[in-house]
file upload08.pdb (PDB, C-alpha atoms, pLDDT in the B column)
ATOM      1  CA  MET A 875     -21.677   7.584  21.154  1.00 53.00           C
ATOM      2  CA  GLU A 876     -19.240   5.980  18.728  1.00 60.00           C
ATOM      3  CA  LYS A 877     -16.073   7.705  17.722  1.00 70.00           C
ATOM      4  CA  SER A 878     -15.675   8.088  13.968  1.00 72.00           C
ATOM      5  CA  PRO A 879     -12.408   6.920  12.431  1.00 79.00           C
ATOM      6  CA  SER A 880      -9.716   9.559  11.995  1.00 89.00           C
ATOM      7  CA  ARG A 881      -8.310  10.657   8.657  1.00 90.00           C
ATOM      8  CA  VAL A 882      -5.192   8.613   9.441  1.00 92.00           C
ATOM      9  CA  GLN A 883      -7.202   5.449  10.060  1.00 94.00           C
ATOM     10  CA  VAL A 884      -9.305   5.950   6.939  1.00 94.00           C
ATOM     11  CA  ALA A 885      -6.255   6.615   4.737  1.00 95.00           C
ATOM     12  CA  SER A 886      -4.218   3.709   6.105  1.00 95.00           C
ATOM     13  CA  ALA A 887      -7.170   1.300   5.798  1.00 96.00           C
ATOM     14  CA  ARG A 888      -7.720   2.301   2.166  1.00 96.00           C
ATOM     15  CA  LEU A 889      -4.005   2.022   1.361  1.00 96.00           C
ATOM     16  CA  SER A 890      -3.833  -1.380   3.025  1.00 96.00           C
ATOM     17  CA  ASP A 891      -6.837  -2.641   1.053  1.00 97.00           C
ATOM     18  CA  GLU A 892      -5.466  -1.275  -2.207  1.00 96.00           C
ATOM     19  CA  PHE A 893      -2.013  -2.737  -1.612  1.00 96.00           C
ATOM     20  CA  GLN A 894      -3.445  -6.177  -0.882  1.00 94.00           C
ATOM     21  CA  ARG A 895      -5.588  -5.944  -4.030  1.00 93.00           C
ATOM     22  CA  LEU A 896      -2.775  -4.706  -6.303  1.00 93.00           C
ATOM     23  CA  VAL A 897       0.079  -6.821  -4.880  1.00 91.00           C
ATOM     24  CA  PRO A 898      -1.538 -10.001  -3.562  1.00 89.00           C
ATOM     25  CA  LEU A 899       0.362 -12.165  -1.104  1.00 84.00           C
ATOM     26  CA  ARG A 900      -0.502 -15.261  -3.127  1.00 78.00           C
ATOM     27  CA  PRO A 901      -0.858 -14.452  -6.848  1.00 71.00           C
ATOM     28  CA  ASP A 902      -3.910 -15.822  -8.612  1.00 67.00           C
ATOM     29  CA  LYS A 903      -3.605 -18.326 -11.408  1.00 65.00           C
ATOM     30  CA  ASN A 904      -3.151 -16.926 -14.893  1.00 59.00           C
ATOM     31  CA  GLN A 905      -5.585 -17.244 -17.819  1.00 61.00           C
ATOM     32  CA  ARG A 906      -4.389 -20.776 -18.595  1.00 65.00           C
ATOM     33  CA  GLY A 907      -5.143 -21.889 -15.047  1.00 67.00           C
ATOM     34  CA  LYS A 908      -1.463 -22.291 -14.144  1.00 75.00           C
ATOM     35  CA  ARG A 909       0.593 -20.636 -11.480  1.00 78.00           C
ATOM     36  CA  PRO A 910       2.185 -17.464 -12.916  1.00 76.00           C
ATOM     37  CA  SER A 911       5.908 -17.480 -13.648  1.00 79.00           C
ATOM     38  CA  GLU A 912       8.375 -15.371 -11.688  1.00 82.00           C
ATOM     39  CA  LYS A 913       8.563 -12.964 -14.634  1.00 86.00           C
ATOM     40  CA  GLU A 914       4.764 -12.561 -14.696  1.00 81.00           C
ATOM     41  CA  ILE A 915       4.680 -12.020 -10.924  1.00 79.00           C
ATOM     42  CA  ALA A 916       7.445  -9.403 -11.112  1.00 83.00           C
ATOM     43  CA  SER A 917       5.720  -7.573 -13.952  1.00 86.00           C
ATOM     44  CA  SER A 918       2.312  -7.506 -12.275  1.00 87.00           C
ATOM     45  CA  SER A 919       3.888  -6.478  -8.949  1.00 87.00           C
ATOM     46  CA  GLU A 920       5.729  -3.581 -10.586  1.00 90.00           C
ATOM     47  CA  THR A 921       2.542  -2.386 -12.257  1.00 92.00           C
ATOM     48  CA  GLY A 922       0.622  -2.791  -9.012  1.00 92.00           C
ATOM     49  CA  LEU A 923       3.210  -0.838  -7.025  1.00 93.00           C
ATOM     50  CA  LYS A 924       3.129   2.078  -9.470  1.00 94.00           C
ATOM     51  CA  LYS A 925      -0.652   2.226  -9.141  1.00 95.00           C
ATOM     52  CA  PHE A 926      -0.344   1.957  -5.335  1.00 95.00           C
ATOM     53  CA  TYR A 927       2.028   4.945  -5.177  1.00 94.00           C
ATOM     54  CA  GLU A 928      -0.434   6.988  -7.261  1.00 94.00           C
ATOM     55  CA  ILE A 929      -3.230   6.052  -4.856  1.00 95.00           C
ATOM     56  CA  ALA A 930      -1.013   6.958  -1.886  1.00 94.00           C
ATOM     57  CA  LEU A 931      -0.415  10.410  -3.349  1.00 93.00           C
ATOM     58  CA  ALA A 932      -4.145  10.870  -3.939  1.00 94.00           C
ATOM     59  CA  GLU A 933      -4.921   9.801  -0.351  1.00 93.00           C
ATOM     60  CA  ARG A 934      -2.337  12.223   1.013  1.00 92.00           C
ATOM     61  CA  GLN A 935      -3.846  15.062  -0.974  1.00 92.00           C
ATOM     62  CA  SER A 936      -7.504  14.210  -0.375  1.00 93.00           C
ATOM     63  CA  HIS A 937      -7.051  13.914   3.400  1.00 91.00           C
ATOM     64  CA  ARG A 938      -4.699  16.915   3.489  1.00 90.00           C
ATOM     65  CA  LEU A 939      -2.208  15.046   5.627  1.00 89.00           C
ATOM     66  CA  GLY A 940       0.573  17.027   7.250  1.00 89.00           C
ATOM     67  CA  VAL A 941       3.988  15.629   8.128  1.00 90.00           C
ATOM     68  CA  ILE A 942       2.790  13.987  11.352  1.00 92.00           C
ATOM     69  CA  GLY A 943      -0.315  12.597   9.653  1.00 92.00           C
ATOM     70  CA  ARG A 944       1.797  11.083   6.884  1.00 92.00           C
ATOM     71  CA  ALA A 945       4.074   9.431   9.422  1.00 92.00           C
ATOM     72  CA  ARG A 946       1.089   8.042  11.310  1.00 94.00           C
ATOM     73  CA  VAL A 947      -0.435   6.668   8.088  1.00 95.00           C
ATOM     74  CA  ALA A 948       2.867   5.000   7.197  1.00 95.00           C
ATOM     75  CA  PHE A 949       3.186   3.425  10.653  1.00 96.00           C
ATOM     76  CA  ASN A 950      -0.441   2.266  10.643  1.00 96.00           C
ATOM     77  CA  LEU A 951      -0.041   0.862   7.127  1.00 96.00           C
ATOM     78  CA  GLN A 952       3.109  -0.972   8.206  1.00 97.00           C
ATOM     79  CA  GLN A 953       1.223  -2.640  11.054  1.00 97.00           C
ATOM     80  CA  ARG A 954      -1.686  -3.620   8.797  1.00 97.00           C
ATOM     81  CA  LEU A 955       0.553  -5.160   6.119  1.00 96.00           C
ATOM     82  CA  LEU A 956       2.577  -7.114   8.670  1.00 97.00           C
ATOM     83  CA  GLN A 957      -0.655  -8.428  10.213  1.00 96.00           C
ATOM     84  CA  ALA A 958      -1.815  -9.440   6.721  1.00 95.00           C
ATOM     85  CA  GLY A 959       1.272 -11.658   6.423  1.00 95.00           C
ATOM     86  CA  TYR A 960       3.550  -9.680   4.138  1.00 95.00           C
ATOM     87  CA  PRO A 961       7.271 -10.215   4.872  1.00 94.00           C
ATOM     88  CA  SER A 962       8.884  -7.440   6.898  1.00 95.00           C
ATOM     89  CA  HIS A 963      11.613  -6.760   4.320  1.00 95.00           C
ATOM     90  CA  LEU A 964       8.975  -6.205   1.614  1.00 93.00           C
ATOM     91  CA  VAL A 965       6.903  -3.932   3.846  1.00 95.00           C
ATOM     92  CA  LYS A 966      10.009  -1.893   4.704  1.00 96.00           C
ATOM     93  CA  GLN A 967      10.912  -1.448   1.019  1.00 94.00           C
ATOM     94  CA  VAL A 968       7.373  -0.540  -0.009  1.00 93.00           C
ATOM     95  CA  LEU A 969       6.937   1.994   2.790  1.00 94.00           C
ATOM     96  CA  PHE A 970      10.290   3.619   2.069  1.00 93.00           C
ATOM     97  CA  ALA A 971       9.414   3.904  -1.621  1.00 93.00           C
ATOM     98  CA  MET A 972       5.933   5.222  -0.789  1.00 92.00           C
ATOM     99  CA  LEU A 973       7.347   7.833   1.561  1.00 90.00           C
ATOM    100  CA  THR A 974       9.902   9.055  -0.970  1.00 90.00           C
ATOM    101  CA  SER A 975       7.649   8.969  -4.023  1.00 88.00           C
ATOM    102  CA  SER A 976       4.271  10.021  -2.644  1.00 86.00           C
ATOM    103  CA  PHE A 977       4.573  11.436   0.859  1.00 83.00           C
ATOM    104  CA  ILE A 978       7.534  13.828   0.609  1.00 82.00           C
ATOM    105  CA  GLY A 979       7.166  17.358  -0.589  1.00 69.00           C
ATOM    106  CA  GLY A 980       4.349  19.783  -1.027  1.00 61.00           C
ATOM    107  CA  LYS A 981       1.749  19.692  -3.736  1.00 57.00           C
TER     108      LYS A 981
END
call {"tool": "encode", "arguments": {"input": "upload08.pdb", "output": "structure tokens"}}
result
Amino acid sequence: MEKSPSRVQVASARLSDEFQRLVPLRPDKNQRGKRPSEKEIASSSETGLKKFYEIALAERQSHRLGVIGRARVAFNLQQRLLQAGYPSHLVKQVLFAMLTSSFIGGK
């Protein structure tokens, strides 16, 4: 009998997938087939992060995560992003921002 994934595993897997989709480690080429400029990367990253924080809030609410569940999701997400190759300083900043913007407070 297989054990089904927990709410924490499901939420952290979805957040990891969404983060990697919205803020890719290696940005794709732009419409002209050239590497995007630093300004374009910063703009798309900022937009992607805003969307990611909205998704994080929705995941928290849909899985009805309590304080411990939120902490476990954040830790699991940290491990997944580090394994995906994101720099540790970026992961730390993103998780801190996610915790303060989407995971703190009630409804």
call {"tool": "atom_distance", "arguments": {"input": "upload08.pdb", "atom1": "CA of Pro898 in chain A", "atom2": "CA of Arg938 in chain A"}}
result
28.0 Å
call {"tool": "axis_aligned_box", "arguments": {"input": "upload08.pdb", "around": "range 916-926 of chain A", "padding_each_side": "3 Å", "output": "lines of an AutoDock Vina configuration file"}}
result
center_x = 3.4
center_y = -3.6
center_z = -9.6
size_x = 14.1
size_y = 17.6
size_z = 14.6
call {"tool": "closest_residue", "arguments": {"input": "upload08.pdb", "among": "A:Lys924, A:Arg954, A:Lys966, A:Arg900", "to": "Gln883 in chain A", "atoms": "all atoms listed in the file"}}
result
A:Arg954
call {"tool": "atom_distance", "arguments": {"input": "upload08.pdb", "atom1": "CA of Val882 in chain A", "atom2": "CA of Thr921 in chain A"}}
result
25.5 Å
call {"tool": "closest_residue", "arguments": {"input": "upload08.pdb", "among": "A:Leu899, A:Tyr927, A:Ala932, A:Leu956", "to": "Phe970 in chain A", "atoms": "all atoms listed in the file"}}
result
A:Tyr927
call {"tool": "closest_residue", "arguments": {"input": "upload08.pdb", "among": "A:Leu896, A:Thr974, A:Leu939, A:Leu955", "to": "Lys925 in chain A", "atoms": "all atoms listed in the file"}}
result
A:Leu896
call {"tool": "closest_residue", "arguments": {"input": "upload08.pdb", "among": "A:Met972, A:Gln935, A:Ile929, A:Ser919", "to": "Gln952 in chain A", "atoms": "all atoms listed in the file"}}
result
A:Met972
call {"tool": "closest_residue", "arguments": {"input": "upload08.pdb", "among": "A:Ser878, A:Ser936, A:Ser918, A:Ser890", "to": "Gln957 in chain A", "atoms": "only C-alpha atoms"}}
result
A:Ser890
call {"tool": "residues_around", "arguments": {"input": "upload08.pdb", "residues": "Ala948 in chain A", "least_positions_apart": "3", "cutoff": "8 Å", "atoms": "all atoms listed in the file", "output": "list of chain:residue names"}}
result
A:Ser886, A:Arg944, A:Ala945, A:Leu951, A:Gln952, A:Leu969, A:Leu973
call {"tool": "closest_residue", "arguments": {"input": "upload08.pdb", "among": "A:Pro879, A:Arg946, A:Arg888, A:Val897", "to": "Tyr960 in chain A", "atoms": "all atoms listed in the file"}}
result
A:Val897
call {"tool": "atom_distance", "arguments": {"input": "upload08.pdb", "atom1": "CA of Val947 in chain A", "atom2": "CA of Arg895 in chain A"}}
result
18.2 Å
call {"tool": "residues_around", "arguments": {"input": "upload08.pdb", "residues": "Ala930 in chain A", "least_positions_apart": "4", "cutoff": "7 Å", "atoms": "all atoms listed in the file", "output": "PyMOL selection string"}}
result
chain A and resi 889+926+934+976
